[in-house]
Structure formats: C-alpha cells, structure tokens
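> My structure file run33.csv, CSV, C-alpha atoms and all ligand atoms, is below:
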```
chain,number,residue,atom,x,y,z
K,1,MET,CA,171.0,78.6,27.5
K,2,THR,CA,169.8,79.6,24.1
K,3,PRO,CA,166.0,79.3,24.0
K,4,MET,CA,164.3,76.9,21.7
K,5,THR,CA,160.8,75.5,21.6
K,6,PRO,CA,160.2,71.8,21.0
K,7,ALA,CA,158.5,71.4,17.6
K,8,LYS,CA,157.2,68.6,15.4
K,9,ALA,CA,156.7,68.6,11.7
K,10,VAL,CA,155.3,66.2,9.1
K,11,ALA,CA,156.4,66.0,5.5
K,12,HIS,CA,155.2,63.6,2.8
K,13,SER,CA,157.4,61.7,0.4
K,14,ASN,CA,157.4,62.6,-3.3
K,15,ILE,CA,158.1,60.8,-6.5
K,16,ALA,CA,159.6,62.7,-9.5
K,17,LEU,CA,157.6,62.6,-12.7
K,18,CYS,CA,160.5,64.4,-14.4
K,19,LYS,CA,163.7,63.2,-12.8
K,20,TYR,CA,166.6,64.9,-11.0
K,21,TRP,CA,169.9,63.1,-11.6
K,22,GLY,CA,173.2,64.9,-11.3
K,23,LYS,CA,174.5,68.1,-9.7
K,24,ARG,CA,176.1,71.4,-10.8
K,25,GLY,CA,178.5,73.8,-9.2
K,26,ASP,CA,179.4,74.1,-5.5
K,27,PRO,CA,178.8,70.7,-3.8
K,28,ALA,CA,178.0,72.3,-0.5
K,29,LEU,CA,174.9,73.9,-2.1
K,30,ASN,CA,173.7,70.6,-3.6
K,31,LEU,CA,172.4,72.2,-6.8
K,32,PRO,CA,170.7,70.0,-9.4
K,33,ALA,CA,172.0,69.8,-12.9
K,34,VAL,CA,168.4,69.4,-14.2
K,35,GLY,CA,165.1,70.7,-13.0
K,36,SER,CA,162.5,68.2,-11.8
K,37,LEU,CA,158.7,67.9,-11.3
K,38,SER,CA,157.1,65.7,-8.7
K,39,LEU,CA,154.0,64.4,-7.1
K,40,THR,CA,153.8,64.5,-3.3
K,41,LEU,CA,152.3,61.3,-1.9
K,42,GLU,CA,149.6,60.7,0.6
K,43,GLY,CA,150.2,57.7,2.8
K,44,LEU,CA,154.1,57.9,2.9
K,45,TRP,CA,155.4,60.4,5.4
K,46,THR,CA,158.0,61.3,8.0
K,47,GLU,CA,157.3,63.0,11.3
K,48,THR,CA,160.2,64.6,13.1
K,49,GLU,CA,160.4,66.2,16.5
K,50,VAL,CA,163.3,68.6,17.4
K,51,GLY,CA,163.7,69.6,21.1
K,52,PRO,CA,166.5,70.6,23.5
K,53,GLY,CA,168.8,67.9,24.7
K,54,ASP,CA,172.0,67.5,26.9
K,55,ARG,CA,173.8,66.5,23.7
K,56,ASP,CA,173.0,66.0,20.1
K,57,ALA,CA,171.0,62.8,19.7
K,58,PHE,CA,169.1,61.3,16.8
K,59,GLU,CA,166.6,58.4,17.0
K,60,LEU,CA,164.8,56.9,14.0
K,61,ALA,CA,161.9,54.6,14.2
K,62,GLY,CA,160.0,52.9,11.4
K,63,THR,CA,161.6,52.0,8.1
K,64,GLY,CA,164.5,53.5,6.3
K,65,GLU,CA,167.9,54.7,7.2
K,66,GLY,CA,169.1,57.9,8.9
K,67,GLU,CA,172.6,59.1,9.3
K,68,ALA,CA,173.1,61.1,12.5
K,69,HIS,CA,176.0,63.2,11.2
K,70,LYS,CA,173.9,64.4,8.3
K,71,VAL,CA,171.1,65.3,10.7
K,72,PHE,CA,173.4,67.3,13.0
K,73,ALA,CA,175.1,69.0,10.0
K,74,HIS,CA,171.6,70.0,8.8
K,75,LEU,CA,170.7,71.5,12.1
K,76,ASP,CA,173.9,73.6,11.9
K,77,ARG,CA,172.9,74.8,8.5
K,78,ILE,CA,169.4,75.8,9.7
K,79,TRP,CA,170.7,77.5,12.8
K,80,ALA,CA,173.2,79.5,10.7
K,81,ALA,CA,170.5,80.5,8.2
K,82,SER,CA,168.1,81.6,10.9
K,83,GLY,CA,170.5,84.4,11.9
K,84,ARG,CA,170.4,83.4,15.6
K,85,THR,CA,173.6,84.3,17.4
K,86,GLY,CA,175.6,82.1,19.7
K,87,ALA,CA,176.3,78.4,19.5
K,88,ARG,CA,173.5,76.1,18.3
K,89,PRO,CA,171.7,74.5,21.2
K,90,ARG,CA,172.1,70.8,21.5
K,91,CYS,CA,169.1,69.0,20.1
K,92,ARG,CA,167.3,65.8,20.6
K,93,VAL,CA,165.8,64.7,17.2
K,94,ARG,CA,163.2,62.0,17.0
K,95,SER,CA,162.0,60.8,13.6
K,96,VAL,CA,159.4,58.2,12.5
K,97,ASN,CA,159.2,57.1,8.9
K,98,HIS,CA,155.7,55.9,7.9
K,99,LEU,CA,156.7,54.2,4.7
K,100,PRO,CA,155.0,50.9,3.8
K,101,THR,CA,157.8,48.4,4.4
K,102,ALA,CA,161.6,48.2,4.9
K,103,ALA,CA,161.9,47.5,1.2
K,104,GLY,CA,163.8,50.6,0.4
K,105,LEU,CA,161.5,53.4,-0.7
K,106,ALA,CA,163.5,56.6,-0.3
K,107,SER,CA,163.0,58.4,3.0
K,108,SER,CA,165.5,61.2,2.4
K,109,ALA,CA,162.9,63.5,0.7
K,110,SER,CA,160.3,63.4,3.5
K,111,GLY,CA,163.0,63.1,6.1
K,112,PHE,CA,165.0,66.3,5.3
K,113,ALA,CA,161.8,68.2,4.6
K,114,ALA,CA,160.3,67.3,8.0
K,115,LEU,CA,163.7,68.0,9.7
K,116,THR,CA,164.0,71.4,8.1
K,117,LEU,CA,160.5,72.5,9.1
K,118,ALA,CA,160.7,71.1,12.6
K,119,ALA,CA,164.2,72.6,13.3
K,120,ALA,CA,163.3,76.1,11.9
K,121,THR,CA,160.2,76.0,14.1
K,122,ALA,CA,162.1,74.9,17.1
K,123,PHE,CA,164.6,77.7,16.5
K,124,GLU,CA,161.7,80.1,16.4
K,125,TRP,CA,162.4,81.1,12.9
K,126,SER,CA,159.6,81.3,10.2
K,127,PRO,CA,161.1,82.3,6.9
K,128,PRO,CA,159.2,81.9,3.5
K,129,ARG,CA,158.6,78.3,2.5
K,130,THR,CA,161.0,78.7,-0.5
K,131,THR,CA,163.8,79.4,2.0
K,132,LEU,CA,163.0,76.2,3.9
K,133,SER,CA,162.8,74.3,0.6
K,134,ALA,CA,166.3,75.6,-0.4
K,135,LEU,CA,167.7,74.5,3.0
K,136,ALA,CA,166.0,71.1,2.6
K,137,ARG,CA,167.6,70.8,-0.8
K,138,MET,CA,171.1,71.1,0.8
K,139,GLY,CA,170.2,68.0,2.9
K,140,SER,CA,168.9,66.1,-0.1
K,141,GLY,CA,167.8,67.4,-3.6
K,142,SER,CA,164.5,65.6,-3.7
K,143,ALA,CA,163.6,67.0,-0.2
K,144,ALA,CA,163.2,70.5,-1.7
K,145,ARG,CA,160.0,69.3,-3.3
K,146,SER,CA,158.5,67.8,-0.2
K,147,LEU,CA,157.7,71.1,1.5
K,148,TRP,CA,154.6,71.3,-0.7
K,149,GLY,CA,151.7,68.9,-1.4
K,150,GLY,CA,150.4,68.2,-4.9
K,151,PHE,CA,152.5,68.8,-7.9
K,152,VAL,CA,155.8,70.6,-7.4
K,153,ARG,CA,158.6,71.9,-9.7
K,154,LEU,CA,162.2,72.4,-8.7
K,155,ASP,CA,164.0,74.7,-11.1
K,156,ARG,CA,167.6,74.0,-12.0
K,157,GLY,CA,168.6,77.7,-12.0
K,158,ASN,CA,171.9,78.9,-13.5
K,159,ARG,CA,173.4,81.1,-10.8
K,160,PRO,CA,176.5,79.7,-9.0
K,161,ASP,CA,175.0,80.8,-5.6
K,162,GLY,CA,171.8,78.8,-6.2
K,163,SER,CA,169.5,81.7,-5.6
K,164,ASP,CA,167.5,80.9,-8.8
K,165,CYS,CA,167.3,77.1,-7.9
K,166,VAL,CA,163.9,77.3,-6.3
K,167,ALA,CA,161.0,74.9,-5.8
K,168,ARG,CA,157.5,76.0,-6.2
K,169,PRO,CA,154.1,74.4,-6.0
K,170,LEU,CA,152.5,74.1,-9.4
K,171,PHE,CA,149.1,72.7,-8.5
K,172,PRO,CA,147.6,71.6,-5.1
K,173,ALA,CA,146.8,68.0,-4.2
K,174,ASP,CA,143.1,68.3,-5.2
K,175,PHE,CA,144.0,69.6,-8.7
K,176,TRP,CA,143.9,66.2,-10.4
K,177,ASP,CA,142.6,62.9,-9.2
K,178,VAL,CA,145.5,60.7,-10.2
K,179,ARG,CA,147.2,57.9,-8.3
K,180,LEU,CA,150.7,56.5,-8.1
K,181,VAL,CA,150.7,52.7,-7.7
K,182,VAL,CA,153.9,51.8,-5.9
K,183,VAL,CA,154.9,48.3,-6.8
K,184,GLN,CA,157.6,47.0,-4.6
K,185,THR,CA,159.9,44.2,-5.9
K,186,THR,CA,162.3,42.3,-3.8
K,187,ALA,CA,165.0,44.7,-2.6
K,188,ALA,CA,168.6,43.8,-3.0
K,189,LYS,CA,171.2,46.0,-1.4
K,190,LYS,CA,171.5,49.2,-3.5
K,191,PRO,CA,174.6,49.0,-5.7
K,192,ILE,CA,175.4,52.6,-5.1
K,193,GLY,CA,173.6,55.5,-3.3
K,194,SER,CA,172.1,58.3,-5.4
K,195,THR,CA,174.6,61.0,-4.4
K,196,ALA,CA,177.6,58.9,-5.5
K,197,GLY,CA,175.7,57.4,-8.5
K,198,MET,CA,175.0,60.9,-9.8
K,199,GLU,CA,178.6,61.9,-9.6
K,200,ARG,CA,179.7,58.8,-11.4
K,201,SER,CA,177.2,59.5,-14.2
K,202,ARG,CA,178.3,63.1,-14.5
K,203,ALA,CA,182.0,62.0,-14.7
K,204,THR,CA,181.7,59.0,-17.0
K,205,SER,CA,178.4,58.6,-18.8
K,206,PRO,CA,178.5,59.5,-22.5
K,207,TYR,CA,174.8,60.2,-22.1
K,208,TRP,CA,175.3,62.8,-19.4
K,209,LEU,CA,175.1,65.9,-21.7
K,210,PRO,CA,172.1,64.7,-23.7
K,211,TRP,CA,170.4,64.0,-20.4
K,212,VAL,CA,171.0,67.5,-19.2
K,213,GLU,CA,170.3,69.2,-22.5
K,214,THR,CA,167.0,67.5,-23.1
K,215,SER,CA,165.5,67.7,-19.6
K,216,GLU,CA,164.4,71.3,-19.8
K,217,GLY,CA,162.2,70.5,-22.8
K,218,ASP,CA,160.7,67.5,-21.0
K,219,LEU,CA,159.9,69.7,-18.0
K,220,ALA,CA,158.1,72.3,-20.2
K,221,GLU,CA,156.1,69.7,-22.0
K,222,ALA,CA,155.2,67.9,-18.7
K,223,GLU,CA,154.1,71.1,-17.1
K,224,ALA,CA,151.8,71.9,-20.0
K,225,ALA,CA,150.3,68.3,-20.0
K,226,LEU,CA,149.8,68.6,-16.2
K,227,ALA,CA,148.1,72.0,-16.5
K,228,ALA,CA,145.7,70.4,-19.1
K,229,ARG,CA,145.2,67.3,-16.8
K,230,ASP,CA,146.1,65.2,-19.9
K,231,LEU,CA,147.3,61.8,-18.7
K,232,ALA,CA,147.8,60.6,-22.3
K,233,ALA,CA,150.2,63.5,-22.9
K,234,LEU,CA,151.9,63.5,-19.5
K,235,GLY,CA,152.5,59.7,-19.3
K,236,PRO,CA,154.9,59.3,-22.2
K,237,ILE,CA,157.0,62.3,-20.9
K,238,VAL,CA,157.1,60.6,-17.5
K,239,GLU,CA,158.4,57.4,-19.1
K,240,ARG,CA,160.8,59.3,-21.3
K,241,SER,CA,162.4,61.2,-18.4
K,242,CYS,CA,162.7,58.0,-16.4
K,243,PHE,CA,164.3,55.9,-19.1
K,244,LYS,CA,166.7,58.7,-20.2
K,245,MET,CA,167.9,58.9,-16.6
K,246,HIS,CA,168.3,55.1,-16.4
K,247,ALA,CA,170.1,55.0,-19.7
K,248,CYS,CA,172.5,57.7,-18.4
K,249,MET,CA,173.0,55.5,-15.3
K,250,LEU,CA,173.6,52.4,-17.3
K,251,ALA,CA,176.1,54.0,-19.5
K,252,SER,CA,178.1,55.1,-16.5
K,253,ASP,CA,181.4,53.4,-16.0
K,254,PRO,CA,181.1,51.1,-14.1
K,255,ALA,CA,177.4,50.7,-15.0
K,256,ILE,CA,174.7,51.6,-12.5
K,257,LEU,CA,171.7,49.2,-12.6
K,258,TYR,CA,169.1,49.5,-9.9
K,259,TRP,CA,166.6,47.1,-11.4
K,260,ASN,CA,166.0,43.4,-10.8
K,261,GLY,CA,164.1,40.9,-13.0
K,262,ALA,CA,160.8,41.7,-11.4
K,263,THR,CA,161.3,45.4,-12.1
K,264,VAL,CA,161.4,44.6,-15.9
K,265,ASP,CA,158.5,42.1,-15.7
K,266,VAL,CA,156.3,44.8,-13.9
K,267,MET,CA,157.2,47.4,-16.5
K,268,ARG,CA,156.4,45.0,-19.4
K,269,ARG,CA,153.1,44.0,-17.7
K,270,CYS,CA,152.2,47.7,-17.3
K,271,TRP,CA,152.8,48.3,-21.0
K,272,GLN,CA,150.7,45.2,-21.9
K,273,LEU,CA,147.8,46.5,-19.7
K,274,ARG,CA,148.1,49.8,-21.4
K,275,ALA,CA,147.9,48.2,-24.9
K,276,GLU,CA,144.7,46.5,-23.6
K,277,GLY,CA,143.3,49.9,-22.6
K,278,LEU,CA,144.2,50.1,-18.9
K,279,ALA,CA,146.4,53.2,-19.0
K,280,GLY,CA,149.4,53.4,-16.6
K,281,TYR,CA,152.8,54.9,-17.1
K,282,VAL,CA,155.9,53.7,-15.3
K,283,THR,CA,158.7,55.6,-13.4
K,284,ILE,CA,161.6,54.1,-11.4
K,285,ASP,CA,164.0,55.7,-9.1
K,286,ALA,CA,167.4,54.7,-7.6
K,287,GLY,CA,166.0,51.3,-6.6
K,288,PRO,CA,164.1,48.3,-8.0
K,289,HIS,CA,160.5,49.4,-7.4
K,290,VAL,CA,158.2,50.5,-10.1
K,291,LYS,CA,155.7,53.4,-9.7
K,292,VAL,CA,152.8,53.7,-12.0
K,293,LEU,CA,151.0,56.9,-12.7
K,294,CYS,CA,147.3,56.4,-13.6
K,295,ALA,CA,143.8,57.8,-13.2
K,296,ALA,CA,142.2,57.2,-9.8
K,297,ALA,CA,139.5,55.0,-11.5
K,298,SER,CA,142.1,52.6,-12.9
K,299,ALA,CA,144.3,52.3,-9.8
K,300,ALA,CA,142.7,49.4,-8.1
K,301,GLU,CA,142.7,47.2,-11.2
K,302,ILE,CA,146.3,48.1,-12.1
K,303,ALA,CA,147.4,47.4,-8.5
K,304,GLU,CA,145.8,44.0,-8.6
K,305,ARG,CA,147.2,43.0,-11.9
K,306,LEU,CA,150.7,44.2,-11.2
K,307,GLY,CA,150.6,42.7,-7.7
K,308,ALA,CA,150.2,39.3,-9.4
K,309,VAL,CA,153.6,39.6,-11.2
K,310,PRO,CA,156.1,37.1,-9.6
K,311,GLY,CA,158.7,38.9,-7.5
K,312,VAL,CA,156.3,41.6,-6.4
K,313,VAL,CA,156.3,41.9,-2.6
K,314,ALA,CA,153.8,44.7,-1.9
K,315,VAL,CA,151.6,47.2,-3.8
K,316,THR,CA,150.5,50.5,-2.3
K,317,VAL,CA,148.2,53.0,-4.0
K,318,CYS,CA,149.0,56.7,-3.2
K,319,GLY,CA,147.0,59.8,-4.0
K,320,PRO,CA,148.4,63.3,-4.1
K,321,GLY,CA,149.6,64.3,-0.6
K,322,PRO,CA,149.4,67.5,1.5
K,323,ASP,CA,151.9,70.3,2.3
K,324,ALA,CA,154.5,69.7,5.0
K,325,HIS,CA,153.1,71.1,8.2
K,326,VAL,CA,153.9,71.7,11.9
K,327,GLU,CA,152.0,69.6,14.3
K,328,VAL,CA,151.0,70.7,17.8
K,329,LEU,CA,152.9,68.7,20.4
K,330,ALA,CA,150.8,66.8,22.9
T,401,LIG,C1,166.4,59.1,-8.7
T,401,LIG,O1,167.5,63.6,-3.6
T,401,LIG,O2,168.2,61.2,-3.0
T,401,LIG,O3,165.0,59.8,-6.9
T,401,LIG,O4,170.5,65.2,-3.5
T,401,LIG,O5,172.2,63.4,-3.6
T,401,LIG,O6,170.4,63.4,-1.7
T,401,LIG,P1,170.8,63.8,-3.2
T,401,LIG,O7,169.8,62.8,-4.1
T,401,LIG,P2,168.3,62.4,-3.9
T,401,LIG,O8,168.1,61.9,-5.4
T,401,LIG,C2,166.9,61.5,-5.9
T,401,LIG,C3,167.1,61.0,-7.3
T,401,LIG,C4,165.9,60.3,-7.9
T,401,LIG,C5,165.1,61.2,-8.8
T,401,LIG,C6,164.2,62.3,-8.2
T,401,LIG,O9,163.7,62.1,-7.0
T,401,LIG,O10,164.1,63.3,-8.8
```
Before anything else, please render the file you have as structure tokens.
Ligand code: DP6

Amino acid sequence: MTPMTPAKAVAHSNIALCKYWGKRGDPALNLPAVGSLSLTLEGLWTETEVGPGDRDAFELAGTGEGEAHKVFAHLDRIWAASGRTGARPRCRVRSVNHLPTAAGLASSASGFAALTLAAATAFEWSPPRTTLSALARMGSGSAARSLWGGFVRLDRGNRPDGSDCVARPLFPADFWDVRLVVVQTTAAKKPIGSTAGMERSRATSPYWLPWVETSEGDLAEAEAALAARDLAALGPIVERSCFKMHACMLASDPAILYWNGATVDVMRRCWQLRAEGLAGYVTIDAGPHVKVLCAAASAAEIAERLGAVPGVVAVTVCGPGPDAHVEVLA
C-alpha cells in the first residue's frame, strides 16, 4: 500500500475587499478574470483531517455544505501534483466548519485551503505555499487566498497556463488593527451558486467588460491605501469594488440578485452611521449578508447598531486571522 501519514490542517475564511467575479481561460485551471485582495478572518475556520481509508469517504460536521465528488477530485489533483507514482491511496477526509451559524457564509475558501494543506501533508509533500495556493484555487478561487493570514492579494495573471496567477501575502494579521463586522440577514436559498453566476455574468452582462477593465486600477489603489493603513482611502474602494460586482451580477440575463430587504437596510444604516461619524464600509458577497470594514475601536458600536436593524439574525466581529497551518494529531 502507498504510504501516507494522517494529517490535519486548519485554514481561516477570508472576505474579499476587492472582489473576484468571473473566470478566464481553461476552466480546469479555474483562473480568475480579475485579481482580488482579501482579509483572512479570525474566528471563522475549517479544520480538515486526511488519513488512509478502505475507500474514499468524506464527512462534514458543523455548518456549510461539502460536495464529496469535489473533495475526491481535489485529492486526485494534489496527488498528481505531488509527483508521487502509483494510484492515489484511498482517503478518509473529515472536516469541521467553525462558522457562526448555518446562515450561509461561504465555507469553500477555508474548506479548500484546509483540504489542500492537509492532503499535501498526508501525501508527505511540502511544496512552497504558492504551489499549495494555486492548487487550492483550482478547488475554489477564493481558497487561494486562505493559505495566508492577514491581507492577501491574488493576481489575475495573463498566461494561459496560469503560472502568473499567484496569491501572495501583502501584510500579516498584526499589520493593522481593523475589524470586519459580519452582519447576517435571514438566508433565503441562494438563487445561483457563484461558479454558475460568474459564467452567466461573463456571457450576458453588458457590464462584464467594464468590471474586468476597471478592477486592476481598484486593486492598485486599494493596495496603496492598505499600505498606508488609511481606512478613509481604502473604504470607498472596497465599496466601489463590491457594487461594481453586484451591478455586473444584476445586469446579467436573467438577473442575479443575492440581497434581501434587510441587506439594503443594513447598508443604508451603515452609511447613515458613517455620516454621523462612525466610519464603516460595506462589502457583500454571493449571499445576503453584509460585512462592514472598520477600525477596531468602532467595531462594538457598529455591531450593536447594525444588530438592531430588523431582519438581522446575528452579528460577529472578526479581526485579521492567521496563516493556514498543520496541527499535530492527538
Ligand atoms: C463573491 O471562490 O466561491 O465571494 O472559484 O467558482 O469556487 P469559485 O468561486 P468562489 O467565488 C467567490 C466570489 C465572491 C468574491 C470573492 O471572494 O472574491
């Protein structure tokens, strides 16, 4: 039997401050059409254990969804990349999502990042972290960013083989004392998953090209504002990137709308608080929840005020989170 060592890895979720929406080139490589910039989050994580089994098996505990066939296909990908010969050993994969509720915060970023690191370790392969990140991206684009803590950038790249589409840490978690206030609104069933939604936007949205063409400029400006730890400069770019993405989604045919009424009410309330001097900046992903970027000192008050908006079901305050890491098995 091909040797493998049981291994466990932990990866934290991340939220994009400059969004990824849409793909380019070979679908098997899952290359983004735009670069993105994210904040890895403390308090939201996935732990995944990969060990030998009689057959491939996948168990998921905690919140979120996991698709076994995607997990096994990802193991095949990592085995092939590791250069190990022979058939991939059968694996037992156990994953636990530590996400606040079942209300639909994405688990694919932390999930594929943890799976990639755990499987490579189990296959006794330790390539550079950028290689692991590129593999995680093939599972889910946003997962490429969850290999690192703090602030992370994923470049779009231009090459068809994806060799210049790499993620890299910009600043570690302790670089800047900011918070993301995650405001959960009642989750309806998602109208469309992000992979299919992206394809629909690319194929039908008249705003697709402007979205792609303006994103590089947003990224450069966001990176400069981040380097200067300038929230008043970064915040408007975060909102601009978010609303351009949602405009592109909305103008798809048929339209893609992830928001509900409370999503809009929370956004408006956040803007009102900002006008009153309590600065927070909104971002929204492929779901109805609102995430608000703010200084650590404002987070508790913003959380309290936004938590009072009707339709809000939970509020979680997250600081910058750590690198994905291997954990010693008990
Ligand atoms: C709106 O990474 O879930 O959250 O690569 O198709 O798995 P796939 O998509 P995924 O998309 C995330 C989209 C987003 C924005 C972002 O995280 O950048």
> All residues within 9 Å of ligand LIG 401 (chain T) are required, counting all atoms listed in the file; please report them as number ranges by chain.
K: 14-23, 30-32, 35-38, 106-109, 137-145, 193-199, 242, 245-246, 284-287
> Could you tell me which of K:Val96, K:Ala324, K:Val266, K:Val292 comes closest to Leu132 of chain K if we count all atoms listed in the file?
K:Ala324
> Given the choices K:Ile237, K:Leu306, K:Leu257, K:Val152, which gets closest to Glu221 of chain K if the distance is worked out from all atoms listed in the file?
K:Ile237
> Would you kindly return, as an NGL selection string, each protein, DNA or RNA residue with an atom no farther than 6 Å from any atom of Pro172 of chain K, considering all atoms listed in the file and excluding same-chain residues fewer than 2 positions away?
:K and (150 or 174-175)
> One decimal, in Å: what's the spacing between atom CA of Ile192 of chain K and atom CA of Asp253 of chain K?
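Distance reported for this atom pair: 12.5 Å.
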> Which residue, K:Ala225, K:Ala247, K:Ala279, K:Leu170, has the smallest gap to Pro206 of chain K when you use all atoms listed in the file?
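Checking each candidate against Pro206 of chain K, we get K:Ala247 as the closest.
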> So that I can see what lies close to Ser252 of chain K, please list as a PyMOL selection string the residues with an atom at most 9 Å from it, counting all atoms listed in the file and leaving out residues fewer than 2 positions away in the same chain.
chain K and resi 197+200-208+247-250+254-256
> Only N, CA and C atoms, please: segment 139-160 of chain K from the block, as a PDB file, in the first residue's frame.

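Printed below is decode_34.pdb as written:
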```
ATOM      1  N   GLY K 139      -9.677  24.297  -6.679  1.00  0.00           N
ATOM      2  CA  GLY K 139     -10.879  23.838  -5.967  1.00  0.00           C
ATOM      3  C   GLY K 139     -11.905  24.951  -5.886  1.00  0.00           C
ATOM      4  N   SER K 140     -11.463  26.134  -5.521  1.00  0.00           N
ATOM      5  CA  SER K 140     -12.333  27.315  -5.427  1.00  0.00           C
ATOM      6  C   SER K 140     -11.441  28.552  -5.433  1.00  0.00           C
ATOM      7  N   GLY K 141     -11.775  29.519  -6.284  1.00  0.00           N
ATOM      8  CA  GLY K 141     -10.883  30.673  -6.479  1.00  0.00           C
ATOM      9  C   GLY K 141     -10.519  31.374  -5.182  1.00  0.00           C
ATOM     10  N   SER K 142     -11.523  31.621  -4.339  1.00  0.00           N
ATOM     11  CA  SER K 142     -11.272  32.370  -3.111  1.00  0.00           C
ATOM     12  C   SER K 142     -10.376  31.592  -2.133  1.00  0.00           C
ATOM     13  N   ALA K 143     -10.305  30.274  -2.290  1.00  0.00           N
ATOM     14  CA  ALA K 143      -9.480  29.446  -1.391  1.00  0.00           C
ATOM     15  C   ALA K 143      -7.989  29.728  -1.561  1.00  0.00           C
ATOM     16  N   ALA K 144      -7.599  30.207  -2.742  1.00  0.00           N
ATOM     17  CA  ALA K 144      -6.180  30.521  -2.984  1.00  0.00           C
ATOM     18  C   ALA K 144      -5.664  31.527  -1.962  1.00  0.00           C
ATOM     19  N   ARG K 145      -6.576  32.396  -1.482  1.00  0.00           N
ATOM     20  CA  ARG K 145      -6.179  33.469  -0.562  1.00  0.00           C
ATOM     21  C   ARG K 145      -6.126  32.996   0.887  1.00  0.00           C
ATOM     22  N   SER K 146      -6.783  31.884   1.205  1.00  0.00           N
ATOM     23  CA  SER K 146      -6.872  31.445   2.608  1.00  0.00           C
ATOM     24  C   SER K 146      -5.649  30.673   3.089  1.00  0.00           C
ATOM     25  N   LEU K 147      -4.623  30.523   2.247  1.00  0.00           N
ATOM     26  CA  LEU K 147      -3.393  29.879   2.721  1.00  0.00           C
ATOM     27  C   LEU K 147      -2.621  30.797   3.660  1.00  0.00           C
ATOM     28  N   TRP K 148      -2.906  32.107   3.553  1.00  0.00           N
ATOM     29  CA  TRP K 148      -2.186  33.081   4.385  1.00  0.00           C
ATOM     30  C   TRP K 148      -3.144  33.840   5.295  1.00  0.00           C
ATOM     31  N   GLY K 149      -2.615  34.318   6.378  1.00  0.00           N
ATOM     32  CA  GLY K 149      -3.363  35.193   7.264  1.00  0.00           C
ATOM     33  C   GLY K 149      -3.235  36.635   6.801  1.00  0.00           C
ATOM     34  N   GLY K 150      -3.899  37.526   7.507  1.00  0.00           N
ATOM     35  CA  GLY K 150      -3.770  38.957   7.230  1.00  0.00           C
ATOM     36  C   GLY K 150      -4.361  39.347   5.886  1.00  0.00           C
ATOM     37  N   PHE K 151      -3.609  40.186   5.166  1.00  0.00           N
ATOM     38  CA  PHE K 151      -4.098  40.774   3.919  1.00  0.00           C
ATOM     39  C   PHE K 151      -3.395  40.082   2.745  1.00  0.00           C
ATOM     40  N   VAL K 152      -4.180  39.588   1.813  1.00  0.00           N
ATOM     41  CA  VAL K 152      -3.643  38.721   0.759  1.00  0.00           C
ATOM     42  C   VAL K 152      -4.121  39.209  -0.607  1.00  0.00           C
ATOM     43  N   ARG K 153      -3.222  39.146  -1.584  1.00  0.00           N
ATOM     44  CA  ARG K 153      -3.615  39.527  -2.943  1.00  0.00           C
ATOM     45  C   ARG K 153      -3.496  38.322  -3.872  1.00  0.00           C
ATOM     46  N   LEU K 154      -4.482  38.145  -4.707  1.00  0.00           N
ATOM     47  CA  LEU K 154      -4.414  37.106  -5.749  1.00  0.00           C
ATOM     48  C   LEU K 154      -4.365  37.817  -7.090  1.00  0.00           C
ATOM     49  N   ASP K 155      -3.254  37.659  -7.794  1.00  0.00           N
ATOM     50  CA  ASP K 155      -3.119  38.307  -9.092  1.00  0.00           C
ATOM     51  C   ASP K 155      -3.865  37.528 -10.165  1.00  0.00           C
ATOM     52  N   ARG K 156      -4.406  38.263 -11.110  1.00  0.00           N
ATOM     53  CA  ARG K 156      -5.118  37.638 -12.225  1.00  0.00           C
ATOM     54  C   ARG K 156      -4.155  36.861 -13.110  1.00  0.00           C
ATOM     55  N   GLY K 157      -3.020  37.478 -13.424  1.00  0.00           N
ATOM     56  CA  GLY K 157      -2.091  36.889 -14.383  1.00  0.00           C
ATOM     57  C   GLY K 157      -2.650  36.957 -15.789  1.00  0.00           C
ATOM     58  N   ASN K 158      -1.813  36.680 -16.769  1.00  0.00           N
ATOM     59  CA  ASN K 158      -2.242  36.708 -18.170  1.00  0.00           C
ATOM     60  C   ASN K 158      -1.965  35.416 -18.905  1.00  0.00           C
ATOM     61  N   ARG K 159      -1.048  34.609 -18.383  1.00  0.00           N
ATOM     62  CA  ARG K 159      -0.645  33.406 -19.124  1.00  0.00           C
ATOM     63  C   ARG K 159      -1.749  32.347 -19.121  1.00  0.00           C
ATOM     64  N   PRO K 160      -1.926  31.679 -20.265  1.00  0.00           N
ATOM     65  CA  PRO K 160      -2.965  30.645 -20.356  1.00  0.00           C
ATOM     66  C   PRO K 160      -2.738  29.487 -19.381  1.00  0.00           C
TER      67      PRO K 160
END
```
